[in-house]
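S.K.: This is the content of model04.cif (mmCIF, C-alpha atoms):
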```cif
data_structure
#
loop_
_atom_site.label_atom_id
_atom_site.label_comp_id
_atom_site.auth_asym_id
_atom_site.auth_seq_id
_atom_site.Cartn_x
_atom_site.Cartn_y
_atom_site.Cartn_z
CA MET A 352 21.90 -88.29 -271.56
CA ASP A 353 19.59 -91.27 -271.92
CA THR A 354 21.56 -93.64 -274.12
CA ASN A 355 18.37 -95.45 -275.16
CA LYS A 356 17.53 -92.38 -277.19
CA ILE A 357 20.80 -92.37 -279.13
CA LYS A 358 20.36 -93.41 -282.76
CA ASN A 359 23.25 -94.37 -284.96
CA ILE A 360 23.78 -92.06 -287.92
CA PHE A 361 27.02 -93.55 -289.24
CA THR A 362 27.31 -96.01 -292.07
CA GLU A 363 30.52 -97.46 -293.48
CA GLY A 364 30.88 -96.44 -297.13
CA PRO A 365 28.75 -94.17 -299.32
CA VAL A 366 25.01 -93.54 -299.02
CA GLU A 367 23.50 -95.34 -302.03
CA ALA A 368 20.71 -93.84 -304.15
CA SER A 369 18.68 -97.02 -303.58
CA PHE A 370 18.89 -96.47 -299.82
CA ILE A 371 17.57 -92.92 -300.30
CA ALA A 372 14.73 -94.27 -302.47
CA ASP A 373 13.77 -96.84 -299.81
CA SER A 374 13.82 -94.13 -297.19
CA ILE A 375 11.48 -91.94 -299.28
CA ALA A 376 9.15 -94.84 -300.11
CA LYS A 377 8.77 -95.71 -296.41
CA HIS A 378 7.04 -92.35 -295.86
CA ALA A 379 4.14 -93.12 -298.24
CA THR A 380 2.13 -94.49 -295.30
CA LYS A 381 2.58 -91.26 -293.32
CA THR A 382 -0.24 -89.37 -294.99
CA SER A 383 -0.03 -86.35 -292.68
CA ILE A 384 3.21 -85.38 -294.46
CA GLY A 385 2.93 -82.66 -297.11
CA GLY A 386 6.59 -81.92 -297.77
CA HIS A 387 9.98 -83.57 -297.55
CA SER A 388 13.30 -81.76 -297.68
CA ILE A 389 16.47 -83.67 -298.46
CA PHE A 390 20.09 -82.58 -298.42
CA LEU A 391 22.79 -84.75 -299.95
CA GLY A 392 26.48 -84.06 -299.57
CA GLN A 393 28.56 -85.40 -302.46
CA VAL A 394 32.34 -85.74 -302.55
CA ARG A 395 33.89 -83.27 -305.02
CA ALA A 396 36.92 -84.02 -307.19
CA ASP A 397 38.49 -80.64 -306.35
CA MET A 398 41.82 -79.63 -307.88
CA MET A 399 44.47 -78.36 -305.43
CA ASP A 400 47.45 -77.00 -307.33
CA ASP A 401 47.89 -79.87 -309.78
CA LYS A 402 46.45 -82.60 -307.58
CA GLN A 403 42.90 -83.89 -307.79
CA VAL A 404 40.86 -85.23 -304.88
CA GLN A 405 39.82 -88.80 -305.66
CA ALA A 406 38.14 -89.59 -302.34
CA ILE A 407 37.53 -88.38 -298.79
CA GLU A 408 38.20 -90.68 -295.86
CA TYR A 409 35.89 -89.84 -292.96
CA THR A 410 36.64 -90.60 -289.33
CA SER A 411 34.73 -89.58 -286.23
CA HIS A 412 34.74 -89.52 -282.46
CA VAL A 413 31.64 -91.67 -282.89
CA GLU A 414 30.37 -91.82 -279.33
CA MET A 415 30.61 -88.05 -278.90
CA ALA A 416 29.18 -87.40 -282.37
CA LEU A 417 26.11 -89.52 -281.60
CA GLU A 418 25.54 -87.71 -278.31
CA THR A 419 25.88 -84.35 -280.07
CA MET A 420 23.54 -85.46 -282.87
CA SER A 421 21.01 -86.52 -280.29
CA ILE A 422 21.03 -83.00 -278.82
CA ILE A 423 20.75 -81.43 -282.29
CA ARG A 424 17.79 -83.71 -283.01
CA GLU A 425 16.02 -82.70 -279.80
CA ASP A 426 16.64 -79.01 -280.47
CA ILE A 427 15.29 -79.25 -284.01
CA PHE A 428 12.18 -81.19 -283.01
CA ALA A 429 11.54 -78.58 -280.32
CA LYS A 430 11.92 -75.73 -282.82
CA TYR A 431 10.08 -77.08 -285.89
CA GLU A 432 6.85 -79.01 -286.33
CA LEU A 433 8.38 -82.08 -287.91
CA THR A 434 6.89 -85.48 -288.58
CA CYS A 435 10.31 -87.08 -288.79
CA MET A 436 14.01 -86.51 -289.37
CA HIS A 437 16.66 -88.96 -290.57
CA VAL A 438 20.41 -88.39 -290.75
CA HIS A 439 23.06 -90.64 -292.30
CA HIS A 440 26.76 -89.79 -292.44
CA SER A 441 29.37 -91.96 -294.10
CA LEU A 442 32.60 -93.18 -292.51
CA GLY A 443 35.57 -94.64 -294.37
CA VAL A 444 36.68 -93.90 -297.91
CA ILE A 445 34.02 -92.18 -300.06
CA LYS A 446 34.98 -91.66 -303.70
CA ALA A 447 34.38 -88.44 -305.67
CA GLY A 448 30.79 -88.45 -306.95
CA GLU A 449 29.53 -90.58 -304.07
CA ILE A 450 27.12 -89.37 -301.38
CA CYS A 451 28.56 -88.92 -297.86
CA LEU A 452 25.70 -87.14 -296.06
CA PHE A 453 21.92 -87.63 -296.24
CA VAL A 454 19.61 -85.41 -294.17
CA PHE A 455 15.88 -85.99 -294.59
CA THR A 456 13.13 -84.00 -292.85
CA SER A 457 9.37 -84.26 -293.29
CA SER A 458 6.48 -82.16 -292.08
CA LYS A 459 2.89 -81.25 -292.75
CA HIS A 460 3.86 -77.96 -294.38
CA ARG A 461 6.94 -77.39 -296.49
CA LYS A 462 8.50 -74.51 -294.55
CA ALA A 463 9.23 -76.51 -291.38
CA ALA A 464 10.79 -79.35 -293.39
CA ILE A 465 12.96 -77.00 -295.49
CA ASP A 466 14.16 -74.84 -292.58
CA ALA A 467 14.80 -77.83 -290.30
CA CYS A 468 16.79 -79.63 -293.00
CA SER A 469 19.00 -76.66 -293.69
CA GLU A 470 19.58 -75.95 -289.98
CA CYS A 471 20.39 -79.60 -289.35
CA VAL A 472 23.01 -79.61 -292.14
CA GLU A 473 24.68 -76.47 -290.74
CA ARG A 474 24.80 -77.90 -287.23
CA ILE A 475 26.16 -81.26 -288.44
CA LYS A 476 29.01 -79.49 -290.24
CA ALA A 477 29.77 -77.18 -287.30
CA GLU A 478 29.22 -79.43 -284.30
CA LEU A 479 29.81 -83.09 -285.10
CA PRO A 480 33.30 -84.38 -284.36
CA VAL A 481 33.90 -85.78 -287.84
CA TRP A 482 36.99 -85.28 -290.00
CA GLY A 483 37.56 -85.63 -293.72
CA LYS A 484 40.93 -86.56 -295.21
CA GLU A 485 41.04 -85.55 -298.86
CA ILE A 486 43.04 -88.20 -300.68
CA PHE A 487 44.69 -87.14 -303.94
CA GLU A 488 45.00 -89.15 -307.14
CA GLY A 489 48.43 -90.80 -307.15
CA GLU A 490 49.63 -89.97 -303.66
CA GLY A 491 49.30 -87.44 -300.89
CA TYR A 492 46.37 -86.02 -298.93
CA GLN A 493 45.20 -82.94 -297.10
CA TRP A 494 42.73 -82.44 -294.28
CA LYS A 495 39.36 -81.04 -295.32
CA ILE A 496 38.33 -77.62 -293.99
CA ASN A 497 34.63 -76.75 -293.56
CA HIS A 498 33.48 -73.27 -294.51
CA MET B 1360 10.56 -67.37 -326.06
CA ASP B 1361 12.78 -69.93 -327.77
CA THR B 1362 10.66 -73.06 -327.67
CA ASN B 1363 13.75 -75.24 -328.12
CA LYS B 1364 14.64 -74.30 -324.58
CA ILE B 1365 11.32 -75.43 -323.12
CA LYS B 1366 11.65 -78.62 -321.11
CA ASN B 1367 8.68 -80.69 -320.07
CA ILE B 1368 8.20 -80.90 -316.30
CA PHE B 1369 4.88 -82.77 -316.25
CA THR B 1370 4.45 -86.48 -315.79
CA GLU B 1371 1.16 -88.36 -315.65
CA GLY B 1372 0.79 -90.02 -312.25
CA PRO B 1373 2.97 -89.87 -309.13
CA VAL B 1374 6.74 -89.35 -308.99
CA GLU B 1375 8.12 -92.75 -307.97
CA ALA B 1376 10.95 -93.16 -305.42
CA SER B 1377 12.85 -95.23 -308.00
CA PHE B 1378 12.72 -92.29 -310.44
CA ILE B 1379 14.18 -90.03 -307.74
CA ALA B 1380 16.93 -92.59 -307.07
CA ASP B 1381 17.82 -92.77 -310.78
CA SER B 1382 17.92 -89.01 -310.91
CA ILE B 1383 20.31 -88.85 -307.94
CA ALA B 1384 22.51 -91.66 -309.29
CA LYS B 1385 22.93 -89.87 -312.63
CA HIS B 1386 24.78 -87.06 -310.83
CA ALA B 1387 27.60 -89.32 -309.61
CA THR B 1388 29.61 -88.48 -312.73
CA LYS B 1389 29.32 -84.74 -312.05
CA THR B 1390 32.20 -84.54 -309.60
CA SER B 1391 32.14 -80.76 -309.31
CA ILE B 1392 28.91 -81.08 -307.29
CA GLY B 1393 29.27 -80.81 -303.51
CA GLY B 1394 25.64 -80.56 -302.47
CA HIS B 1395 22.17 -81.52 -303.67
CA SER B 1396 18.93 -80.12 -302.32
CA ILE B 1397 15.67 -81.93 -302.96
CA PHE B 1398 12.10 -80.95 -302.20
CA LEU B 1399 9.30 -83.49 -302.47
CA GLY B 1400 5.64 -82.57 -302.26
CA GLN B 1401 3.47 -85.41 -300.94
CA VAL B 1402 -0.35 -85.59 -301.06
CA ARG B 1403 -1.81 -85.31 -297.55
CA ALA B 1404 -4.90 -87.19 -296.36
CA ASP B 1405 -6.33 -84.04 -294.73
CA MET B 1406 -9.64 -84.18 -292.85
CA MET B 1407 -12.18 -81.48 -293.81
CA ASP B 1408 -15.11 -81.61 -291.41
CA ASP B 1409 -15.70 -85.36 -291.48
CA LYS B 1410 -14.37 -86.02 -294.96
CA GLN B 1411 -10.88 -87.25 -295.73
CA VAL B 1412 -8.85 -86.41 -298.83
CA GLN B 1413 -7.98 -89.63 -300.64
CA ALA B 1414 -6.27 -88.09 -303.69
CA ILE B 1415 -5.57 -84.85 -305.52
CA GLU B 1416 -6.28 -84.58 -309.23
CA TYR B 1417 -3.88 -82.12 -310.87
CA THR B 1418 -4.60 -80.25 -314.07
CA SER B 1419 -2.60 -77.50 -315.73
CA HIS B 1420 -2.55 -74.93 -318.49
CA VAL B 1421 0.45 -76.96 -319.66
CA GLU B 1422 1.76 -74.75 -322.44
CA MET B 1423 1.68 -71.65 -320.25
CA ALA B 1424 3.08 -73.53 -317.26
CA LEU B 1425 6.07 -74.72 -319.28
CA GLU B 1426 6.78 -71.21 -320.55
CA THR B 1427 6.53 -69.86 -317.00
CA MET B 1428 8.80 -72.65 -315.69
CA SER B 1429 11.31 -71.81 -318.37
CA ILE B 1430 11.47 -68.23 -317.11
CA ILE B 1431 11.76 -69.37 -313.49
CA ARG B 1432 14.61 -71.66 -314.53
CA GLU B 1433 16.47 -68.83 -316.27
CA ASP B 1434 15.99 -66.51 -313.30
CA ILE B 1435 17.27 -69.09 -310.85
CA PHE B 1436 20.30 -70.00 -312.94
CA ALA B 1437 21.10 -66.28 -313.21
CA LYS B 1438 20.80 -65.80 -309.45
CA TYR B 1439 22.51 -68.91 -308.07
CA GLU B 1440 25.67 -70.79 -309.06
CA LEU B 1441 23.99 -74.07 -309.90
CA THR B 1442 25.33 -77.11 -311.68
CA CYS B 1443 21.84 -78.29 -312.55
CA MET B 1444 18.16 -78.12 -311.67
CA HIS B 1445 15.39 -80.63 -312.37
CA VAL B 1446 11.66 -80.17 -311.79
CA HIS B 1447 8.90 -82.78 -312.10
CA HIS B 1448 5.24 -82.11 -311.37
CA SER B 1449 2.51 -84.73 -311.55
CA LEU B 1450 -0.73 -84.45 -313.48
CA GLY B 1451 -3.79 -86.64 -313.02
CA VAL B 1452 -4.92 -88.41 -309.87
CA ILE B 1453 -2.23 -88.68 -307.17
CA LYS B 1454 -3.23 -90.66 -304.09
CA ALA B 1455 -2.53 -89.59 -300.49
CA GLY B 1456 1.03 -90.59 -299.60
CA GLU B 1457 2.26 -90.32 -303.18
CA ILE B 1458 4.77 -87.72 -304.43
CA CYS B 1459 3.40 -84.99 -306.73
CA LEU B 1460 6.35 -82.57 -306.91
CA PHE B 1461 10.10 -83.20 -307.18
CA VAL B 1462 12.52 -80.27 -307.28
CA PHE B 1463 16.22 -81.13 -307.40
CA THR B 1464 19.08 -78.59 -307.42
CA SER B 1465 22.83 -79.23 -307.32
CA SER B 1466 25.82 -76.96 -306.88
CA LYS B 1467 29.44 -76.86 -305.84
CA HIS B 1468 28.57 -75.46 -302.41
CA ARG B 1469 25.49 -76.32 -300.41
CA LYS B 1470 24.09 -72.82 -299.91
CA ALA B 1471 23.32 -72.19 -303.59
CA ALA B 1472 21.61 -75.57 -303.96
CA ILE B 1473 19.51 -75.13 -300.80
CA ASP B 1474 18.45 -71.54 -301.52
CA ALA B 1475 17.71 -72.23 -305.20
CA CYS B 1476 15.60 -75.28 -304.35
CA SER B 1477 13.51 -73.44 -301.83
CA GLU B 1478 13.01 -70.42 -304.12
CA CYS B 1479 12.06 -72.69 -307.00
CA VAL B 1480 9.41 -74.44 -304.88
CA GLU B 1481 7.90 -71.11 -303.81
CA ARG B 1482 7.79 -69.85 -307.39
CA ILE B 1483 6.26 -73.10 -308.69
CA LYS B 1484 3.47 -72.84 -306.12
CA ALA B 1485 2.84 -69.16 -306.77
CA GLU B 1486 3.35 -68.86 -310.52
CA LEU B 1487 2.60 -72.11 -312.34
CA PRO B 1488 -0.94 -72.44 -313.69
CA VAL B 1489 -1.65 -75.78 -312.01
CA TRP B 1490 -4.75 -76.72 -310.01
CA GLY B 1491 -5.40 -79.44 -307.48
CA LYS B 1492 -8.83 -80.96 -306.93
CA GLU B 1493 -8.95 -82.64 -303.53
CA ILE B 1494 -11.08 -85.75 -303.89
CA PHE B 1495 -12.73 -87.05 -300.73
CA GLU B 1496 -13.19 -90.67 -299.68
CA GLY B 1497 -16.65 -91.77 -300.71
CA GLU B 1498 -17.79 -88.78 -302.73
CA GLY B 1499 -17.32 -85.05 -303.14
CA TYR B 1500 -14.30 -82.82 -303.68
CA GLN B 1501 -12.96 -79.36 -303.01
CA TRP B 1502 -10.43 -77.21 -304.82
CA LYS B 1503 -7.02 -77.00 -303.18
CA ILE B 1504 -5.83 -73.61 -301.92
CA ASN B 1505 -2.10 -72.82 -301.73
CA HIS B 1506 -0.80 -70.87 -298.72
CA MET C 353 -12.57 -67.31 -333.82
CA ILE C 354 -11.14 -67.14 -330.31
CA GLU C 355 -10.55 -70.16 -328.10
CA VAL C 356 -11.60 -69.59 -324.50
CA ILE C 357 -10.36 -72.11 -321.91
CA PHE C 358 -11.40 -72.47 -318.28
CA PHE C 359 -9.44 -74.14 -315.49
CA GLY C 360 -9.90 -75.49 -311.98
CA GLN C 361 -13.02 -74.39 -310.09
CA LEU C 362 -14.05 -72.16 -313.02
CA THR C 363 -15.08 -75.32 -314.87
CA ASP C 364 -17.61 -75.85 -312.04
CA ALA C 365 -18.99 -72.38 -312.82
CA THR C 366 -19.06 -72.81 -316.60
CA GLY C 367 -19.59 -76.54 -317.00
CA VAL C 368 -17.09 -76.53 -319.89
CA SER C 369 -13.32 -76.46 -320.18
CA SER C 370 -13.05 -74.91 -323.62
CA ILE C 371 -15.30 -73.03 -326.06
CA MET C 372 -14.87 -71.20 -329.37
CA VAL C 373 -16.35 -67.69 -329.58
CA GLU C 374 -16.70 -65.13 -332.37
CA GLU C 375 -14.08 -62.42 -332.42
CA VAL C 376 -14.29 -59.82 -329.68
CA ALA C 377 -12.02 -56.81 -329.64
CA ASN C 378 -10.52 -57.00 -326.17
CA THR C 379 -10.46 -58.84 -322.86
CA ASP C 380 -12.96 -56.51 -321.13
CA MET C 381 -15.53 -57.33 -323.80
CA LEU C 382 -14.75 -61.05 -323.61
CA ILE C 383 -15.06 -61.06 -319.83
CA ASN C 384 -18.46 -59.36 -320.04
CA LEU C 385 -19.57 -61.85 -322.66
CA MET C 386 -18.50 -64.77 -320.51
CA LYS C 387 -20.22 -63.35 -317.40
CA MET C 388 -23.46 -63.09 -319.35
CA ARG C 389 -23.14 -66.63 -320.60
CA TYR C 390 -22.00 -68.08 -317.24
CA PRO C 391 -23.49 -65.89 -314.49
CA SER C 392 -21.67 -67.70 -311.66
CA LEU C 393 -18.35 -66.51 -313.16
CA ALA C 394 -19.22 -63.10 -311.71
CA SER C 395 -18.65 -64.36 -308.18
CA SER C 396 -15.44 -66.22 -309.08
CA THR C 397 -11.84 -65.10 -308.66
CA TYR C 398 -9.73 -65.49 -311.78
CA MET C 399 -6.87 -64.16 -313.85
CA VAL C 400 -6.89 -63.89 -317.63
CA ALA C 401 -4.04 -64.83 -319.99
CA VAL C 402 -3.99 -64.13 -323.72
CA ASN C 403 -1.74 -66.53 -325.62
CA ASN C 404 -0.05 -67.62 -322.39
CA THR C 405 0.69 -64.09 -321.22
CA MET C 406 -1.09 -62.80 -318.15
CA VAL C 407 -3.02 -59.56 -318.69
CA THR C 408 -3.87 -57.23 -315.84
CA GLU C 409 -5.53 -54.46 -317.82
CA ASN C 410 -7.82 -54.47 -320.83
CA ALA C 411 -5.90 -56.09 -323.70
CA ILE C 412 -6.53 -56.47 -327.43
CA ILE C 413 -7.48 -59.97 -328.58
CA ARG C 414 -6.36 -60.82 -332.12
CA PRO C 415 -8.28 -63.42 -334.14
CA GLY C 416 -7.02 -66.93 -333.52
CA SER C 417 -5.95 -66.10 -329.96
CA LYS C 418 -6.30 -68.42 -327.01
CA VAL C 419 -7.68 -66.80 -323.86
CA ALA C 420 -7.40 -68.60 -320.53
CA PHE C 421 -9.57 -67.94 -317.47
CA MET C 422 -7.63 -69.19 -314.46
CA PRO C 423 -8.52 -69.36 -310.75
CA PRO C 424 -5.73 -68.98 -308.13
CA PHE C 425 -2.99 -71.55 -308.69
CA SER C 426 -2.70 -74.54 -306.39
CA GLY C 427 0.08 -76.67 -307.79
CA GLY C 428 2.73 -78.52 -305.81
CA MET D 38 44.85 -94.59 -266.15
CA ILE D 39 43.48 -92.03 -268.60
CA GLU D 40 42.81 -92.76 -272.24
CA VAL D 41 43.92 -89.96 -274.56
CA ILE D 42 42.64 -90.04 -278.14
CA PHE D 43 43.72 -87.93 -281.11
CA PHE D 44 41.71 -87.22 -284.26
CA GLY D 45 42.16 -85.89 -287.79
CA GLN D 46 45.35 -83.98 -288.51
CA LEU D 47 46.45 -84.31 -284.87
CA THR D 48 47.29 -87.94 -285.62
CA ASP D 49 49.85 -86.57 -288.12
CA ALA D 50 51.37 -84.56 -285.24
CA THR D 51 51.37 -87.41 -282.72
CA GLY D 52 51.72 -90.47 -284.93
CA VAL D 53 49.19 -92.28 -282.72
CA SER D 54 45.42 -92.25 -282.40
CA SER D 55 45.14 -93.40 -278.79
CA ILE D 56 47.44 -93.73 -275.77
CA MET D 57 47.06 -94.55 -272.09
CA VAL D 58 48.69 -92.17 -269.60
CA GLU D 59 49.11 -92.17 -265.82
CA GLU D 60 46.62 -90.08 -263.92
CA VAL D 61 46.99 -86.32 -264.22
CA ALA D 62 44.85 -83.97 -262.19
CA ASN D 63 43.42 -81.71 -264.87
CA THR D 64 43.31 -80.86 -268.56
CA ASP D 65 45.94 -78.09 -268.34
CA MET D 66 48.42 -80.60 -266.95
CA LEU D 67 47.49 -83.19 -269.56
CA ILE D 68 47.86 -80.68 -272.40
CA ASN D 69 51.32 -79.72 -271.15
CA LEU D 70 52.30 -83.37 -270.89
CA MET D 71 51.11 -84.03 -274.45
CA LYS D 72 52.93 -80.99 -275.82
CA MET D 73 56.15 -82.22 -274.25
CA ARG D 74 55.67 -85.66 -275.69
CA TYR D 75 54.53 -84.46 -279.15
CA PRO D 76 56.16 -81.06 -279.76
CA SER D 77 54.27 -80.42 -283.04
CA LEU D 78 50.99 -80.40 -281.06
CA ALA D 79 52.03 -76.92 -279.87
CA SER D 80 51.45 -75.49 -283.34
CA SER D 81 48.14 -77.32 -283.86
CA THR D 82 44.60 -76.07 -283.34
CA TYR D 83 42.45 -78.35 -281.24
CA MET D 84 39.61 -78.62 -278.76
CA VAL D 85 39.56 -80.94 -275.77
CA ALA D 86 36.66 -83.10 -274.59
CA VAL D 87 36.58 -85.07 -271.34
CA ASN D 88 34.19 -88.03 -271.51
CA ASN D 89 32.49 -86.59 -274.62
CA THR D 90 31.95 -83.16 -273.11
CA MET D 91 33.84 -80.23 -274.55
CA VAL D 92 35.89 -78.29 -272.01
CA THR D 93 36.93 -74.70 -272.59
CA GLU D 94 38.69 -74.05 -269.28
CA ASN D 95 40.91 -76.15 -267.09
CA ALA D 96 38.87 -79.20 -266.01
CA ILE D 97 39.42 -81.99 -263.51
CA ILE D 98 40.19 -85.40 -265.01
CA ARG D 99 38.98 -88.34 -262.94
CA PRO D 100 40.75 -91.72 -263.20
CA GLY D 101 39.32 -93.84 -266.02
CA SER D 102 38.34 -90.80 -268.07
CA LYS D 103 38.65 -90.56 -271.83
CA VAL D 104 40.14 -87.30 -273.10
CA ALA D 105 39.84 -86.40 -276.78
CA PHE D 106 42.08 -83.95 -278.65
CA MET D 107 40.13 -82.79 -281.70
CA PRO D 108 41.06 -80.47 -284.58
CA PRO D 109 38.34 -78.31 -286.25
CA PHE D 110 35.49 -80.48 -287.50
CA SER D 111 35.09 -81.16 -291.22
CA GLY D 112 32.19 -83.57 -291.58
CA GLY D 113 29.51 -83.51 -294.24
#
```
Translate the structure of the given file into structure tokens.
M.R.:
Amino acid sequence: MDTNKIKNIFTEGPVEASFIADSIAKHATKTSIGGHSIFLGQVRADMMDDKQVQAIEYTSHVEMALETMSIIREDIFAKYELTCMHVHHSLGVIKAGEICLFVFTSSKHRKAAIDACSECVERIKAELPVWGKEIFEGEGYQWKINH
Amino acid sequence: MDTNKIKNIFTEGPVEASFIADSIAKHATKTSIGGHSIFLGQVRADMMDDKQVQAIEYTSHVEMALETMSIIREDIFAKYELTCMHVHHSLGVIKAGEICLFVFTSSKHRKAAIDACSECVERIKAELPVWGKEIFEGEGYQWKINH
Amino acid sequence: MIEVIFFGQLTDATGVSSIMVEEVANTDMLINLMKMRYPSLASSTYMVAVNNTMVTENAIIRPGSKVAFMPPFSGG
Amino acid sequence: MIEVIFFGQLTDATGVSSIMVEEVANTDMLINLMKMRYPSLASSTYMVAVNNTMVTENAIIRPGSKVAFMPPFSGG
């Protein structure tokens, strides 16, 4: 694995709407793009018995996650005709209502962007060594399970 | 058709990144949402022979388009478990690199949001009476064809 | 009177986006009338909607209706 | 020495996120050693990666390696 190719995807804290806007605006100069597809993961205030999730604390085996993400990126660029793909995942405590995952794909035609975005999200959830600790209001926690 | 239910989707000019950011930020209070899916259509500077598209001018049979969109909205809410869905389509001259379509769906689980967004985009392109006039640099134009 | 509206590339064929015509009984008659007035319509592809509802067969046009001639959609 | 790191709910089982252990020849031996040291690991679900590569069968561990014990992923 050529480590020069490894991009960081992790950011401490939530993904802000203003960051997403900047990311979109940067693509205005890429006039071969016809469609963007964006997925945003948002922390839910789920109720478990009588406890409510107030935040998720994310941790990761960062080095391994970045290597895995790099492989996912290569696979997706090989499979779809994309102009670009950007992935941002939060680490640390992300409160309910905040954004913890931002996947952004762009292509000439919409289908490649939409399919690549959705495949990327599935692979991130299945393959990246990242863990979410659901912290309850008051006290207590449980470990998140991906479906 | 209950006209009270008919929401406007048209805006004169491009969809700005800051508008998209505001739209995302407004969902932070909806803590039952786990995933958002966004599609953005961007005007491409396509080359046709030796002429380059510098903008698309959009016109619509607005009244009919809004009635059709209202039906699409009802169908999609009946089919998918969505928290909300927002659609914005530009009218007037939209320059290459600018955003002309913004479809935004949110749900508890990602699959409903992603599938609903993609279906909504397909139906908008196939069913809404909207036309794009591709204006070339210099002079001349051609009418856009959807695939 | 009936309001007839043209969209997209059909406005290139007709040179107008909207006209008022005397009552005609149905869409077949209106289409024939329009083809006589704007001969290049004959070689155009379009759909017809009466009062915002698409019609695929000959349909009655009541006075005061709005009839739209629409080429294939190209939004988004 | 070998660095052993634990993630997610495994840190509840072990009480630590990272330890250094004397060389052991392979992952089977390391897993047994860890289960002896942290008995509640035996009832946990986890995968093992040696130097960021997932291993599914017994694998050699070279000195200076980093071995990760990882519960099912739950990112996104």
S.K.: Enumerate, in order of chain and increasing residue number, the residues of chain C with an atom no farther than 12 Å from chain B, each with its shortest atom pair and distance in Å to one decimal, counting all atoms listed in the file, as a Markdown table.
M.R.:
```
| residue | atom | partner | partner_atom | distance |
| --- | --- | --- | --- | --- |
| C:Ile357 | CA | B:His1420 | CA | 9.0 |
| C:Phe358 | CA | B:His1420 | CA | 9.2 |
| C:Phe359 | CA | B:His1420 | CA | 7.6 |
| C:Gly360 | CA | B:Trp1490 | CA | 5.6 |
| C:Gln361 | CA | B:Trp1502 | CA | 6.5 |
| C:Leu362 | CA | B:Trp1502 | CA | 10.3 |
| C:Thr363 | CA | B:Trp1502 | CA | 11.2 |
| C:Asp364 | CA | B:Trp1502 | CA | 10.3 |
| C:Ser369 | CA | B:His1420 | CA | 11.0 |
| C:Ser370 | CA | B:His1420 | CA | 11.7 |
| C:Tyr398 | CA | B:Pro1488 | CA | 11.4 |
| C:Met399 | CA | B:Pro1488 | CA | 10.2 |
| C:Val400 | CA | B:Pro1488 | CA | 11.1 |
| C:Ala401 | CA | B:Met1423 | CA | 8.9 |
| C:Val402 | CA | B:Met1423 | CA | 10.0 |
| C:Asn403 | CA | B:Met1423 | CA | 8.2 |
| C:Asn404 | CA | B:Met1423 | CA | 4.9 |
| C:Thr405 | CA | B:Met1423 | CA | 7.7 |
| C:Met406 | CA | B:Met1423 | CA | 9.5 |
| C:Lys418 | CA | B:Met1423 | CA | 10.9 |
| C:Val419 | CA | B:His1420 | CA | 11.0 |
| C:Ala420 | CA | B:His1420 | CA | 8.2 |
| C:Phe421 | CA | B:His1420 | CA | 10.0 |
| C:Met422 | CA | B:Pro1488 | CA | 7.5 |
| C:Pro423 | CA | B:Trp1490 | CA | 8.3 |
| C:Pro424 | CA | B:Ile1504 | CA | 7.7 |
| C:Phe425 | CA | B:Pro1488 | CA | 5.5 |
| C:Ser426 | CA | B:Trp1490 | CA | 4.7 |
| C:Gly427 | CA | B:Val1489 | CA | 4.6 |
| C:Gly428 | CA | B:Leu1460 | CA | 5.5 |
```
S.K.: Counting all atoms listed in the file, which residues from chain A have an atom at most 9 Å from any atom of chain B, and could you show them as a ChimeraX atom specification?
M.R.: /A:367-376,378-397,447-450,459,461-462,465,469
S.K.: What gap, in Å, lies between atom CA of A:Cys435 and atom CA of B:Glu1371?
M.R.: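 Separation between atom CA of A:Cys435 and atom CA of B:Glu1371: 28.4 Å.
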S.K.: Please indicate the distance in Å from atom CA of A:Glu488 to atom CA of A:Gln403, rounded to one decimal place.
M.R.: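 It comes out at 5.7 Å.
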S.K.: Tell me, in Å to one decimal, how far atom CA of C:Ser395 is from atom CA of C:Asn378.
M.R.: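 Taking atom CA of C:Ser395 and atom CA of C:Asn378, their separation equals 21.1 Å.
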